[in-house]
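The structure file structure_7.txt is reproduced below (compact mmCIF, C-alpha atoms).
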```
# COMPACT_ATOMS: atom_id res chain seq x y z
CA MET A 1 -47.34 -41.81 -30.99
CA THR A 2 -44.18 -43.03 -29.22
CA PRO A 3 -41.51 -40.32 -28.93
CA ARG A 4 -38.10 -41.10 -30.36
CA THR A 5 -35.44 -41.96 -27.81
CA PRO A 6 -31.91 -40.47 -27.93
CA SER A 7 -30.58 -43.76 -29.29
CA ASP A 8 -33.17 -43.70 -32.08
CA GLN A 9 -32.12 -40.15 -32.95
CA ALA A 10 -28.46 -41.23 -33.05
CA VAL A 11 -29.28 -44.04 -35.47
CA ALA A 12 -31.18 -41.57 -37.65
CA ARG A 13 -28.16 -39.28 -37.76
CA HIS A 14 -25.75 -42.15 -38.40
CA GLY A 15 -27.80 -44.40 -40.67
CA TRP A 16 -26.75 -46.45 -43.66
CA VAL A 17 -27.43 -43.65 -46.12
CA GLN A 18 -25.08 -41.34 -44.24
CA ALA A 19 -22.49 -44.13 -44.03
CA LEU A 20 -22.74 -44.70 -47.78
CA SER A 21 -22.24 -40.99 -48.45
CA THR A 22 -19.12 -41.06 -46.25
CA VAL A 23 -17.63 -44.01 -48.12
CA LEU A 24 -18.48 -42.55 -51.51
CA ALA A 25 -16.99 -39.19 -50.52
CA GLY A 26 -13.66 -40.82 -49.75
CA LEU A 27 -13.50 -43.21 -52.71
CA LEU A 28 -14.75 -40.74 -55.32
CA THR A 29 -12.37 -38.05 -54.11
CA MET A 30 -9.44 -40.43 -54.40
CA GLY A 31 -10.61 -41.64 -57.79
CA VAL A 32 -10.89 -38.12 -59.20
CA VAL A 33 -7.51 -37.02 -57.83
CA ALA A 34 -5.83 -40.21 -59.08
CA ALA A 35 -7.44 -39.90 -62.53
CA LEU A 36 -6.38 -36.28 -62.94
CA GLY A 37 -2.86 -37.02 -61.75
CA LEU A 38 -2.44 -40.02 -64.05
CA TRP A 39 -3.91 -38.03 -66.93
CA ALA A 40 -1.30 -35.33 -66.33
CA ALA A 41 1.36 -38.04 -66.22
CA GLY A 42 0.27 -39.37 -69.64
CA ALA A 43 -1.32 -42.62 -68.47
CA THR A 44 -4.27 -42.17 -70.82
CA ASP A 45 -1.99 -43.42 -73.62
CA LEU A 46 -1.71 -46.88 -72.06
CA PRO A 47 -2.84 -49.67 -74.42
CA ASP A 48 -5.91 -51.89 -74.17
CA GLY A 49 -8.03 -49.26 -72.41
CA ALA A 50 -6.06 -49.79 -69.21
CA PHE A 51 -6.45 -46.28 -67.82
CA PRO A 52 -9.50 -46.99 -65.57
CA ARG A 53 -7.81 -50.05 -64.10
CA VAL A 54 -4.61 -48.11 -63.44
CA VAL A 55 -6.70 -45.48 -61.65
CA THR A 56 -8.30 -48.24 -59.59
CA ALA A 57 -4.88 -49.69 -58.72
CA THR A 58 -3.69 -46.24 -57.68
CA VAL A 59 -6.63 -45.88 -55.27
CA VAL A 60 -5.89 -49.36 -53.90
CA THR A 61 -2.30 -48.40 -53.08
CA ALA A 62 -3.46 -45.05 -51.68
CA VAL A 63 -5.46 -46.78 -48.92
CA GLY A 64 -2.61 -49.13 -48.04
CA GLY A 65 -3.55 -52.00 -50.36
CA THR A 66 -1.05 -54.15 -52.20
CA VAL A 67 -0.70 -54.33 -55.98
CA LYS A 68 1.61 -57.08 -57.21
CA LEU A 69 3.46 -56.83 -60.50
CA SER A 70 3.90 -59.91 -62.68
CA GLY A 71 5.85 -60.66 -65.83
CA ASN A 72 5.96 -63.22 -68.62
CA ALA A 73 8.37 -63.30 -71.53
CA GLY A 74 7.99 -66.75 -73.03
CA ALA A 75 9.70 -70.10 -72.54
CA LEU A 76 13.30 -68.90 -72.94
CA ALA A 77 12.97 -65.49 -71.38
CA ASP A 78 12.02 -64.12 -68.02
CA THR A 79 10.78 -60.86 -66.58
CA GLU A 80 10.86 -59.69 -63.01
CA ALA A 81 9.15 -56.59 -61.64
CA GLY A 82 8.14 -55.05 -58.35
CA LEU A 83 6.79 -51.70 -57.16
CA THR A 84 6.12 -50.29 -53.72
CA VAL A 85 5.03 -46.68 -53.51
CA ILE A 86 2.06 -44.86 -51.99
CA PRO A 87 0.59 -41.90 -53.91
CA LEU A 88 0.18 -39.74 -50.84
CA SER A 89 -1.65 -36.90 -52.59
CA VAL A 90 -4.44 -39.37 -53.33
CA THR A 91 -4.24 -40.72 -49.79
CA LEU A 92 -4.41 -37.27 -48.22
CA ALA A 93 -7.37 -36.17 -50.36
CA GLY A 94 -9.31 -39.33 -49.50
CA ALA A 95 -8.50 -39.03 -45.80
CA LEU A 96 -9.69 -35.41 -45.64
CA ALA A 97 -12.92 -36.21 -47.49
CA THR A 98 -13.64 -39.31 -45.39
CA ALA A 99 -12.88 -37.55 -42.09
CA THR A 100 -15.06 -34.56 -42.97
CA ALA A 101 -18.03 -36.76 -43.89
CA PHE A 102 -17.49 -38.90 -40.77
CA LEU A 103 -17.50 -35.89 -38.44
CA ARG A 104 -20.40 -34.04 -40.07
CA PRO A 105 -23.23 -35.84 -38.17
CA LEU A 106 -21.27 -35.43 -34.91
CA ARG A 107 -20.82 -31.67 -35.00
CA HIS A 108 -22.23 -29.30 -32.37
CA ARG A 109 -21.95 -31.90 -29.62
CA ALA A 110 -19.55 -32.23 -26.70
CA VAL A 111 -20.06 -35.88 -25.66
CA ALA A 112 -21.06 -39.06 -27.49
CA SER A 113 -21.23 -42.55 -26.05
CA ALA A 114 -18.70 -45.16 -27.06
CA ALA A 115 -21.53 -47.36 -28.38
CA GLU A 116 -22.81 -44.56 -30.62
CA LEU A 117 -19.36 -43.84 -32.10
CA ALA A 118 -18.67 -47.56 -32.55
CA GLY A 119 -21.98 -48.12 -34.31
CA TRP A 120 -21.40 -45.18 -36.65
CA ALA A 121 -17.88 -46.38 -37.47
CA ALA A 122 -19.09 -49.97 -37.96
CA ARG A 123 -21.64 -48.94 -40.60
CA ILE A 124 -18.93 -47.07 -42.49
CA ALA A 125 -16.53 -50.02 -42.15
CA VAL A 126 -19.04 -52.50 -43.62
CA LEU A 127 -19.61 -50.40 -46.72
CA TRP A 128 -15.91 -49.55 -46.93
CA LEU A 129 -15.14 -53.27 -46.93
CA LEU A 130 -17.43 -53.81 -49.91
CA GLY A 131 -15.77 -50.92 -51.70
CA LEU A 132 -12.30 -52.34 -51.02
CA ILE A 133 -13.26 -55.73 -52.44
CA GLY A 134 -14.63 -54.10 -55.58
CA LEU A 135 -11.49 -52.01 -56.03
CA ALA A 136 -9.20 -54.98 -55.48
CA LEU A 137 -11.04 -57.15 -58.02
CA GLY A 138 -10.96 -54.35 -60.60
CA ALA A 139 -7.27 -53.49 -60.22
CA ARG A 140 -5.68 -55.93 -62.68
CA GLN A 141 -4.20 -55.53 -66.17
CA LYS A 142 -1.42 -56.83 -68.46
CA PHE A 143 0.73 -54.90 -70.93
CA SER A 144 2.97 -56.04 -73.76
CA ILE A 145 6.48 -54.57 -73.94
CA SER A 146 8.09 -53.94 -77.30
CA LEU A 147 11.68 -55.13 -77.72
CA GLY A 148 12.21 -52.76 -80.61
CA SER A 149 13.30 -53.39 -84.20
CA GLY A 150 17.00 -54.05 -83.59
CA THR A 151 18.98 -57.16 -82.70
CA LEU A 152 17.12 -57.65 -79.44
CA GLY A 153 13.79 -57.65 -81.28
CA ASP A 154 15.10 -60.19 -83.81
CA ILE A 155 16.28 -62.51 -81.02
CA GLY A 156 12.95 -62.15 -79.26
CA ASP A 157 11.07 -63.09 -82.44
CA LEU A 158 13.39 -66.05 -83.01
CA ILE A 159 12.92 -67.64 -79.59
CA GLY A 160 9.30 -66.53 -79.15
CA ALA A 161 9.91 -64.05 -76.35
CA SER A 162 7.07 -61.59 -76.02
CA PRO A 163 7.58 -59.73 -72.73
CA GLU A 164 4.51 -58.83 -70.72
CA VAL A 165 4.19 -57.06 -67.43
CA GLY A 166 0.98 -56.70 -65.49
CA PHE A 167 -0.42 -55.86 -62.10
CA GLU A 168 -3.00 -57.43 -59.84
CA ALA A 169 -4.25 -56.35 -56.44
CA ASP A 170 -3.81 -58.73 -53.53
CA VAL A 171 -7.39 -58.93 -52.23
CA PRO A 172 -6.75 -60.13 -48.63
CA GLN A 173 -3.94 -57.65 -48.00
CA THR A 174 -5.92 -54.84 -49.60
CA VAL A 175 -8.91 -55.57 -47.37
CA LEU A 176 -6.76 -55.83 -44.23
CA PHE A 177 -4.68 -52.70 -44.74
CA GLY A 178 -7.61 -50.78 -46.21
CA LEU A 179 -9.64 -51.37 -43.04
CA LEU A 180 -6.65 -50.36 -40.90
CA TRP A 181 -6.32 -47.20 -43.01
CA LEU A 182 -9.99 -46.38 -42.40
CA ALA A 183 -9.64 -46.98 -38.66
CA GLY A 184 -6.61 -44.69 -38.53
CA VAL A 185 -8.44 -41.93 -40.41
CA LEU A 186 -11.51 -42.09 -38.16
CA VAL A 187 -9.49 -42.14 -34.93
CA LEU A 188 -7.27 -39.29 -36.11
CA ALA A 189 -10.34 -37.29 -37.10
CA LEU A 190 -11.70 -37.59 -33.56
CA LEU A 191 -8.32 -36.63 -32.09
CA VAL A 192 -7.71 -33.62 -34.32
CA SER A 193 -11.15 -32.03 -34.55
CA PRO A 194 -11.74 -29.76 -31.55
CA GLY A 195 -15.51 -29.95 -32.02
CA ALA A 196 -15.83 -33.72 -32.33
CA PRO A 197 -17.53 -35.42 -29.35
CA LEU A 198 -15.74 -38.00 -27.24
CA PRO A 199 -17.02 -40.59 -24.77
CA ALA A 200 -17.19 -39.17 -21.26
CA GLY A 201 -14.41 -41.49 -20.08
CA LEU A 202 -11.95 -40.02 -22.60
CA LEU A 203 -12.61 -36.35 -21.96
CA ARG A 204 -9.75 -36.19 -19.46
CA PHE A 205 -7.32 -36.83 -22.33
CA HIS A 206 -8.74 -33.97 -24.37
CA ALA A 207 -6.33 -31.30 -23.11
CA ALA A 208 -3.22 -33.44 -23.52
CA VAL A 209 -3.87 -35.04 -26.90
CA ARG A 210 -6.01 -32.81 -29.08
CA PRO A 211 -3.95 -29.60 -29.17
CA ALA A 212 -0.76 -31.51 -30.04
CA ALA A 213 -2.49 -33.66 -32.65
CA TYR A 214 -4.15 -30.61 -34.21
CA ALA A 215 -0.85 -28.69 -34.33
CA VAL A 216 1.11 -31.53 -35.94
CA VAL A 217 -1.57 -32.25 -38.56
CA THR A 218 -1.71 -28.53 -39.34
CA LEU A 219 2.08 -28.55 -39.72
CA LEU A 220 1.98 -31.45 -42.20
CA LEU A 221 -0.79 -29.77 -44.21
CA ALA A 222 1.15 -26.49 -44.19
CA TYR A 223 4.13 -28.27 -45.73
CA VAL A 224 1.89 -29.67 -48.47
CA ALA A 225 0.37 -26.24 -49.15
CA LEU A 226 3.83 -24.66 -49.28
CA GLY A 227 5.01 -27.37 -51.67
CA VAL A 228 2.02 -26.79 -53.96
CA VAL A 229 2.72 -23.05 -54.09
CA ILE A 230 6.40 -23.61 -54.91
CA ALA A 231 5.52 -26.20 -57.56
CA LEU A 232 3.04 -23.85 -59.24
CA LEU A 233 5.54 -21.00 -59.25
CA THR A 234 8.14 -23.33 -60.75
CA ALA A 235 5.70 -24.47 -63.42
CA VAL A 236 4.90 -20.86 -64.35
CA THR A 237 8.56 -19.81 -64.57
CA ARG A 238 10.14 -22.96 -66.02
CA GLY A 239 7.35 -24.78 -67.84
CA ASN A 240 6.57 -28.52 -67.51
CA VAL A 241 3.04 -27.71 -66.38
CA THR A 242 1.60 -31.20 -66.90
CA GLN A 243 4.48 -32.87 -65.04
CA THR A 244 4.06 -30.41 -62.20
CA PHE A 245 0.34 -31.14 -61.92
CA ALA A 246 1.07 -34.88 -61.98
CA LEU A 247 3.44 -34.41 -59.04
CA ILE A 248 0.94 -32.27 -57.14
CA LEU A 249 -1.95 -34.68 -57.66
CA LEU A 250 0.00 -37.90 -57.04
CA GLY A 251 3.06 -37.34 -54.88
CA MET A 252 3.33 -33.88 -53.34
CA PRO A 253 3.26 -35.15 -49.71
CA ASN A 254 5.88 -37.77 -50.66
CA LEU A 255 8.21 -34.93 -51.63
CA VAL A 256 7.52 -32.31 -48.96
CA TRP A 257 7.38 -34.73 -46.03
CA LEU A 258 10.67 -36.26 -47.21
CA THR A 259 12.02 -32.69 -47.26
CA LEU A 260 10.66 -32.14 -43.74
CA THR A 261 12.55 -35.11 -42.31
CA THR A 262 15.70 -34.21 -44.24
CA GLY A 263 15.55 -30.71 -42.80
CA LEU A 264 15.46 -32.19 -39.31
CA GLY A 265 18.82 -33.85 -40.01
CA ALA A 266 17.46 -37.30 -40.84
CA THR A 267 19.18 -39.56 -43.36
CA TRP A 268 17.65 -41.57 -46.19
CA ASN A 269 19.47 -44.23 -48.20
CA GLY A 270 18.68 -45.03 -51.80
CA ARG A 271 19.73 -45.63 -55.38
CA VAL A 272 18.38 -44.86 -58.84
CA GLN A 273 19.47 -47.00 -61.79
CA GLY A 274 18.22 -47.63 -65.30
CA PRO A 275 15.19 -45.93 -66.85
CA PHE A 276 13.59 -45.18 -63.52
CA GLY A 277 13.52 -41.66 -62.17
CA LEU A 278 12.14 -39.97 -59.11
CA PRO A 279 9.06 -37.80 -59.73
CA MET A 280 10.85 -35.14 -57.74
CA PRO A 281 13.35 -32.31 -58.28
CA HIS A 282 16.37 -33.19 -60.39
CA LEU A 283 18.66 -32.63 -57.39
CA LEU A 284 17.40 -35.77 -55.62
CA ASP A 285 17.77 -37.89 -58.75
CA GLU A 286 21.30 -36.56 -59.20
CA VAL A 287 22.32 -37.44 -55.65
CA LEU A 288 20.86 -40.97 -55.82
CA ARG A 289 21.92 -41.95 -59.36
CA THR A 290 25.18 -43.64 -58.39
CA PRO A 291 26.54 -47.21 -58.76
CA ASP A 292 26.41 -47.79 -55.01
CA ILE A 293 23.85 -46.99 -52.33
CA SER A 294 23.76 -43.23 -51.76
CA THR A 295 23.08 -41.20 -48.65
CA LEU A 296 20.47 -38.48 -48.81
CA ASN A 297 20.78 -35.85 -46.09
CA LEU A 298 21.61 -32.17 -45.69
CA ASN A 299 25.33 -32.73 -46.21
CA SER A 300 24.99 -34.76 -49.41
CA LEU A 301 22.40 -32.36 -50.84
CA ALA A 302 24.50 -29.30 -49.91
CA ALA A 303 27.37 -30.70 -51.96
CA TYR A 304 25.19 -30.09 -55.04
CA ASP A 305 23.25 -27.02 -53.89
CA GLY A 306 24.13 -25.05 -50.77
CA ARG A 307 20.66 -23.51 -50.56
CA VAL A 308 19.35 -26.70 -48.91
CA TRP A 309 20.65 -25.40 -45.57
CA TRP A 310 17.64 -23.08 -45.61
CA LEU A 311 15.58 -26.16 -44.81
CA LEU A 312 16.79 -25.87 -41.22
CA ALA A 313 15.35 -22.36 -40.95
CA VAL A 314 12.08 -23.35 -42.64
CA ASN A 315 11.66 -26.31 -40.30
CA ALA A 316 12.42 -24.17 -37.26
CA VAL A 317 9.90 -21.47 -38.18
CA LEU A 318 7.07 -23.86 -39.10
CA LEU A 319 7.60 -26.17 -36.12
CA LEU A 320 7.77 -23.21 -33.73
CA SER A 321 4.53 -21.90 -35.25
CA ALA A 322 2.93 -25.31 -34.65
CA ALA A 323 4.16 -25.27 -31.05
CA PHE A 324 2.66 -21.81 -30.53
CA LEU A 325 -0.63 -23.00 -32.03
CA MET A 326 -0.63 -26.00 -29.70
CA ALA A 327 0.06 -23.82 -26.68
CA VAL A 328 -2.72 -21.29 -27.35
CA ARG A 329 -5.22 -24.13 -27.84
CA SER A 330 -4.20 -25.81 -24.58
CA PRO A 331 -5.56 -25.06 -21.11
CA ALA A 332 -3.75 -22.23 -19.34
CA ARG A 333 -2.72 -24.54 -16.51
CA THR A 334 -0.49 -26.62 -18.82
CA ARG A 335 3.18 -26.13 -17.95
CA ALA A 336 5.91 -25.45 -20.50
CA TRP A 337 7.58 -28.82 -19.99
CA GLN A 338 4.25 -30.54 -20.59
CA HIS A 339 3.85 -28.68 -23.88
CA ALA A 340 7.35 -29.86 -24.81
CA VAL A 341 6.57 -33.49 -24.04
CA HIS A 342 3.21 -33.39 -25.84
CA LEU A 343 4.72 -31.96 -29.03
CA ALA A 344 7.73 -34.28 -28.88
CA VAL A 345 5.51 -37.37 -28.74
CA ALA A 346 3.12 -36.14 -31.43
CA PHE A 347 5.89 -35.03 -33.80
CA ALA A 348 7.88 -38.24 -33.30
CA LEU A 349 4.79 -40.29 -34.19
CA ALA A 350 4.23 -38.11 -37.28
CA VAL A 351 7.81 -38.62 -38.47
CA LEU A 352 7.50 -42.36 -37.81
CA MET A 353 4.43 -42.36 -40.07
CA ILE A 354 6.31 -40.39 -42.74
CA CYS A 355 9.22 -42.81 -42.68
CA LEU A 356 6.87 -45.76 -43.13
CA VAL A 357 4.72 -44.36 -45.94
CA CYS A 358 7.32 -42.41 -47.94
CA ARG A 359 9.50 -45.43 -48.76
CA ILE A 360 9.90 -46.19 -52.46
CA SER A 361 10.96 -49.43 -54.09
CA ALA A 362 10.80 -50.35 -57.79
CA HIS A 363 12.64 -52.79 -60.00
CA TYR A 364 12.22 -54.32 -63.43
CA GLY A 365 14.43 -56.79 -65.27
CA LEU A 366 14.38 -58.71 -68.55
CA SER A 367 16.65 -61.64 -69.39
CA LEU A 368 16.98 -63.89 -72.43
CA LEU A 369 18.59 -67.34 -72.14
CA GLY A 370 19.65 -66.46 -68.60
CA ILE A 371 21.48 -63.30 -69.65
CA GLY A 372 20.26 -60.36 -67.61
CA ASP A 373 19.71 -56.79 -68.79
CA VAL A 374 20.03 -57.69 -72.46
CA GLY A 375 17.78 -54.80 -73.29
CA GLY A 376 20.14 -52.13 -71.99
CA GLY A 377 17.45 -49.71 -70.91
CA LEU A 378 14.86 -52.37 -70.08
CA SER A 379 16.17 -53.07 -66.57
CA GLY A 380 16.32 -50.77 -63.61
CA ASP A 381 16.23 -50.41 -59.88
CA LEU A 382 15.05 -47.66 -57.55
CA PHE A 383 14.68 -47.56 -53.80
CA LEU A 384 14.58 -44.99 -51.03
CA LYS A 385 14.33 -45.82 -47.35
CA PRO A 386 15.04 -43.91 -44.11
CA GLU A 387 17.27 -44.54 -41.16
CA LEU A 388 14.13 -44.88 -39.10
CA TRP A 389 14.97 -44.54 -35.45
CA SER A 390 17.47 -41.73 -35.82
CA ALA A 391 14.78 -39.77 -37.69
CA VAL A 392 12.23 -40.42 -34.93
CA GLY A 393 14.77 -39.43 -32.26
CA LEU A 394 15.59 -36.18 -34.04
CA ALA A 395 11.86 -35.43 -34.35
CA ALA A 396 11.39 -35.94 -30.60
CA LEU A 397 14.33 -33.60 -29.87
CA TRP A 398 13.01 -30.90 -32.21
CA GLY A 399 9.56 -31.32 -30.67
CA LEU A 400 10.89 -30.89 -27.13
CA ILE A 401 12.72 -27.68 -27.96
CA ALA A 402 9.98 -26.18 -30.10
CA GLY A 403 7.24 -27.17 -27.64
CA PHE A 404 9.03 -25.45 -24.77
CA LEU A 405 9.77 -22.28 -26.77
CA GLY A 406 6.23 -22.20 -28.16
CA ALA A 407 4.82 -22.34 -24.63
CA LEU A 408 6.97 -19.36 -23.63
CA LEU A 409 5.85 -17.38 -26.67
CA ALA A 410 2.20 -18.15 -25.89
CA LYS A 411 2.34 -16.89 -22.31
CA PRO A 412 1.13 -13.35 -23.10
CA VAL A 413 -1.79 -14.74 -25.13
CA ARG A 414 -5.07 -15.45 -23.40
CA ARG A 415 -5.76 -19.17 -23.69
CA HIS A 416 -8.56 -21.64 -23.13
CA GLY A 417 -9.46 -21.97 -19.47
CA GLU A 418 -8.38 -18.50 -18.39
CA ILE A 419 -10.93 -16.30 -16.65
CA GLU A 420 -10.43 -12.60 -16.33
CA ILE A 421 -11.61 -11.19 -12.99
CA PRO A 422 -12.26 -7.46 -13.15
CA GLU A 423 -10.63 -5.40 -10.48
CA GLN A 424 -13.10 -4.02 -7.93
CA SER A 425 -12.75 -0.36 -7.16
CA GLN A 426 -12.10 0.42 -3.53
CA ARG A 427 -14.94 2.05 -1.69
CA PRO A 428 -14.20 4.96 0.63
CA ALA A 429 -14.42 4.08 4.27
```

Starting from the coordinates I provided, produce the structure as structure tokens.
Amino acid sequence: MTPRTPSDQAVARHGWVQALSTVLAGLLTMGVVAALGLWAAGATDLPDGAFPRVVTATVVTAVGGTVKLSGNAGALADTEAGLTVIPLSVTLAGALATATAFLRPLRHRAVASAAELAGWAARIAVLWLLGLIGLALGARQKFSISLGSGTLGDIGDLIGASPEVGFEADVPQTVLFGLLWLAGVLVLALLVSPGAPLPAGLLRFHAAVRPAAYAVVTLLLAYVALGVVIALLTAVTRGNVTQTFALILLGMPNLVWLTLTTGLGATWNGRVQGPFGLPMPHLLDEVLRTPDISTLNLNSLAAYDGRVWWLLAVNAVLLLSAAFLMAVRSPARTRAWQHAVHLAVAFALAVLMICLVCRISAHYGLSLLGIGDVGGGLSGDLFLKPELWSAVGLAALWGLIAGFLGALLAKPVRRHGEIEIPEQSQRPA
């Protein structure tokens, strides 16, 4: 009987069954989280049995796919709609499940060849691609909008205007961005996990990249955990339990990571008009609900509630804790200025990611005979976008300072790479 070679054993560990379980772990986790969040938000009341398709569309957007909104209101009327938002709670849950399943066959090893890692990732990507196509084809639905029983409804009946709005996933864009999302999750999993094997040629980057990546990811997850605790306490003391659970299961990272960047001193610009509202604390909605574009930063928020200045202290404590964590996980030979640079780069990249994925844009309009907003409350506009490069620059500055201070705090702590040499007692001559 021919003994199995190491390559045969690798294929056995990373076969198609294991790849399928990885893909299913990610997709099912996102589907369950999205379904529970939409249920808490009241989406089960949507007409025409649309709830499963709305869940599917939510998963599509969570992995970076594109869902286009469409409208039709008859020959003499027109509807216009658009929505851009990523439910980051669903995204985060899927990323954690996918990364855990991806790393499971690789545990307890120090080195893996590039060919082995590429083959394992390729199997997952093939099955992920099939899953993306299925999700994109299933994410489509149309809804009818009632004009009411007043004058507007009478005019609509007279001219045959029956407004409809629907959504449909863009299959090519969903496949493209969904595959990029998967690649990002798998690469980040290898960078963050201290026990994941790397090709021999990349081991020299282990000390510089992994501690900083691990610390920053831990920081982002700590913000989410802190936000969940605060939300649950608020729900217990003030009610609105279902709305709170909808926020936790759909958009908690959207809120807390926005808060993180705001606490750094970053500025976001936005506006809320019409029936739209932010699924966030009333303070943000109050600041942004103005006729013109509003500025969202510490100064504008403090004008409504001075307690927001505590965000500076929270950011400082959590970022310094992340810097300390990075330092104690780094080799002892790493200098303080190197810690500062490593954290600055990692934190700046994290804030860049936050600024790209936390943007919100939504609009809906209805017009009859060319007259816009005839429905009063049937038109609206909402958007929120950051001043990108100033936010990234502030993150790099905070990372430099915190990384340097964290290295100083970690000096008394024994770290990886240190060897204690016992003192030898002197012998008498």

Taking every listed atom of range 218-224 of chain A and adding 3 Å to each side, what centre and edge lengths in Å (one decimal) does the axis-aligned box have, as AutoDock Vina command-line options?
```
--center_x 1.2 --center_y -29.0 --center_z -43.9 --size_x 11.8 --size_y 11.0 --size_z 15.1
```

Non-local contacts of range 128-140 of chain A (6 Å; all atoms listed in the file; under 5 positions in same chain excluded) as a list in words: Val23, Arg53, Thr56, Ala57, Phe167, Glu168, Ala169, Val171 and Val175 of chain A

task: Using only C-alpha atoms, find the one residue out of A:Leu20, A:Ala213, A:Ala323, A:Ala208 that sits nearest to Ala121 in chain A.
output: A:Leu20

task: Can you pull out every residue within 10 Å of Arg359 in chain A, counting all atoms listed in the file, but drop anything in the same chain fewer than 4 positions away, and send it as a PyMOL selection string?
output: chain A and resi 84-86+254+258+268+270+354-355+383-386

query: Residues at most 9 Å from range 219-227 of chain A, counting all atoms listed in the file, excluding those fewer than 6 positions away in the same chain, as number ranges by chain?
result: A: 248, 252-253, 255-257, 260, 318-319, 321-322, 350

Gap from CA of Val185 in chain A to CA of Ala316 in chain A - Å, one decimal: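 These two atoms are separated by 27.6 Å.
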
- request: Using CA of Ala396 in chain A and CA of Trp337 in chain A as the two end points, give the distance in Å to one decimal.
  value: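 Rounded to one decimal, the two atoms are 13.3 Å apart.
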
query: For Ala62 in chain A, which residue out of A:Ala391, A:Val357, A:Val111, A:Leu320 is the nearest one, using all atoms listed in the file?
result: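 Among A:Ala391, A:Val357, A:Val111, A:Leu320, it is A:Val357 that comes nearest to Ala62 in chain A.
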
query: If you count only C-alpha atoms, which residues fall within 8 Å of range 93-108 of chain A, apart from same-chain ones fewer than 6 positions away, as a list in words?
result: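 Everything that qualifies: Arg13, His14, Ala19, Ser21, Thr22, Val23, Ala25, Gly26, Leu27, Thr29, Met30, Val33, Val185, Leu186, Ala189, Leu190, Gly195, Ala196 and Pro197 of chain A.
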
Atoms added to range 291-301 of chain A (N, CA, C and O atoms), reported as a PDB file, keeping the file's coordinate frame:
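Generated output (rebuild.pdb):
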```pdb
ATOM      1  N   PRO A 291      26.436 -45.741 -58.711  1.00  0.00           N
ATOM      2  CA  PRO A 291      26.540 -47.210 -58.760  1.00  0.00           C
ATOM      3  C   PRO A 291      26.247 -47.878 -57.428  1.00  0.00           C
ATOM      4  O   PRO A 291      25.712 -48.982 -57.385  1.00  0.00           O
ATOM      5  N   ASP A 292      26.608 -47.219 -56.331  1.00  0.00           N
ATOM      6  CA  ASP A 292      26.410 -47.790 -55.010  1.00  0.00           C
ATOM      7  C   ASP A 292      25.241 -47.099 -54.304  1.00  0.00           C
ATOM      8  O   ASP A 292      24.666 -46.125 -54.805  1.00  0.00           O
ATOM      9  N   ILE A 293      24.917 -47.608 -53.129  1.00  0.00           N
ATOM     10  CA  ILE A 293      23.850 -46.990 -52.330  1.00  0.00           C
ATOM     11  C   ILE A 293      24.297 -45.599 -51.888  1.00  0.00           C
ATOM     12  O   ILE A 293      25.409 -45.416 -51.386  1.00  0.00           O
ATOM     13  N   SER A 294      23.437 -44.613 -52.080  1.00  0.00           N
ATOM     14  CA  SER A 294      23.760 -43.230 -51.760  1.00  0.00           C
ATOM     15  C   SER A 294      23.068 -42.800 -50.480  1.00  0.00           C
ATOM     16  O   SER A 294      22.057 -43.366 -50.071  1.00  0.00           O
ATOM     17  N   THR A 295      23.634 -41.787 -49.865  1.00  0.00           N
ATOM     18  CA  THR A 295      23.080 -41.200 -48.650  1.00  0.00           C
ATOM     19  C   THR A 295      22.438 -39.872 -48.994  1.00  0.00           C
ATOM     20  O   THR A 295      23.055 -39.019 -49.638  1.00  0.00           O
ATOM     21  N   LEU A 296      21.208 -39.711 -48.553  1.00  0.00           N
ATOM     22  CA  LEU A 296      20.470 -38.480 -48.810  1.00  0.00           C
ATOM     23  C   LEU A 296      20.248 -37.767 -47.483  1.00  0.00           C
ATOM     24  O   LEU A 296      19.468 -38.223 -46.647  1.00  0.00           O
ATOM     25  N   ASN A 297      20.964 -36.676 -47.277  1.00  0.00           N
ATOM     26  CA  ASN A 297      20.780 -35.850 -46.090  1.00  0.00           C
ATOM     27  C   ASN A 297      21.228 -34.431 -46.432  1.00  0.00           C
ATOM     28  O   ASN A 297      21.548 -34.123 -47.594  1.00  0.00           O
ATOM     29  N   LEU A 298      21.254 -33.563 -45.434  1.00  0.00           N
ATOM     30  CA  LEU A 298      21.610 -32.170 -45.690  1.00  0.00           C
ATOM     31  C   LEU A 298      23.022 -32.045 -46.252  1.00  0.00           C
ATOM     32  O   LEU A 298      23.272 -31.233 -47.153  1.00  0.00           O
ATOM     33  N   ASN A 299      23.945 -32.829 -45.742  1.00  0.00           N
ATOM     34  CA  ASN A 299      25.330 -32.730 -46.210  1.00  0.00           C
ATOM     35  C   ASN A 299      25.459 -33.148 -47.670  1.00  0.00           C
ATOM     36  O   ASN A 299      26.115 -32.473 -48.471  1.00  0.00           O
ATOM     37  N   SER A 300      24.855 -34.278 -48.037  1.00  0.00           N
ATOM     38  CA  SER A 300      24.990 -34.760 -49.410  1.00  0.00           C
ATOM     39  C   SER A 300      24.254 -33.831 -50.387  1.00  0.00           C
ATOM     40  O   SER A 300      24.721 -33.600 -51.509  1.00  0.00           O
ATOM     41  N   LEU A 301      23.113 -33.283 -49.977  1.00  0.00           N
ATOM     42  CA  LEU A 301      22.400 -32.360 -50.840  1.00  0.00           C
ATOM     43  C   LEU A 301      23.144 -31.029 -50.978  1.00  0.00           C
ATOM     44  O   LEU A 301      23.175 -30.423 -52.061  1.00  0.00           O
TER      45      LEU A 301
END
```
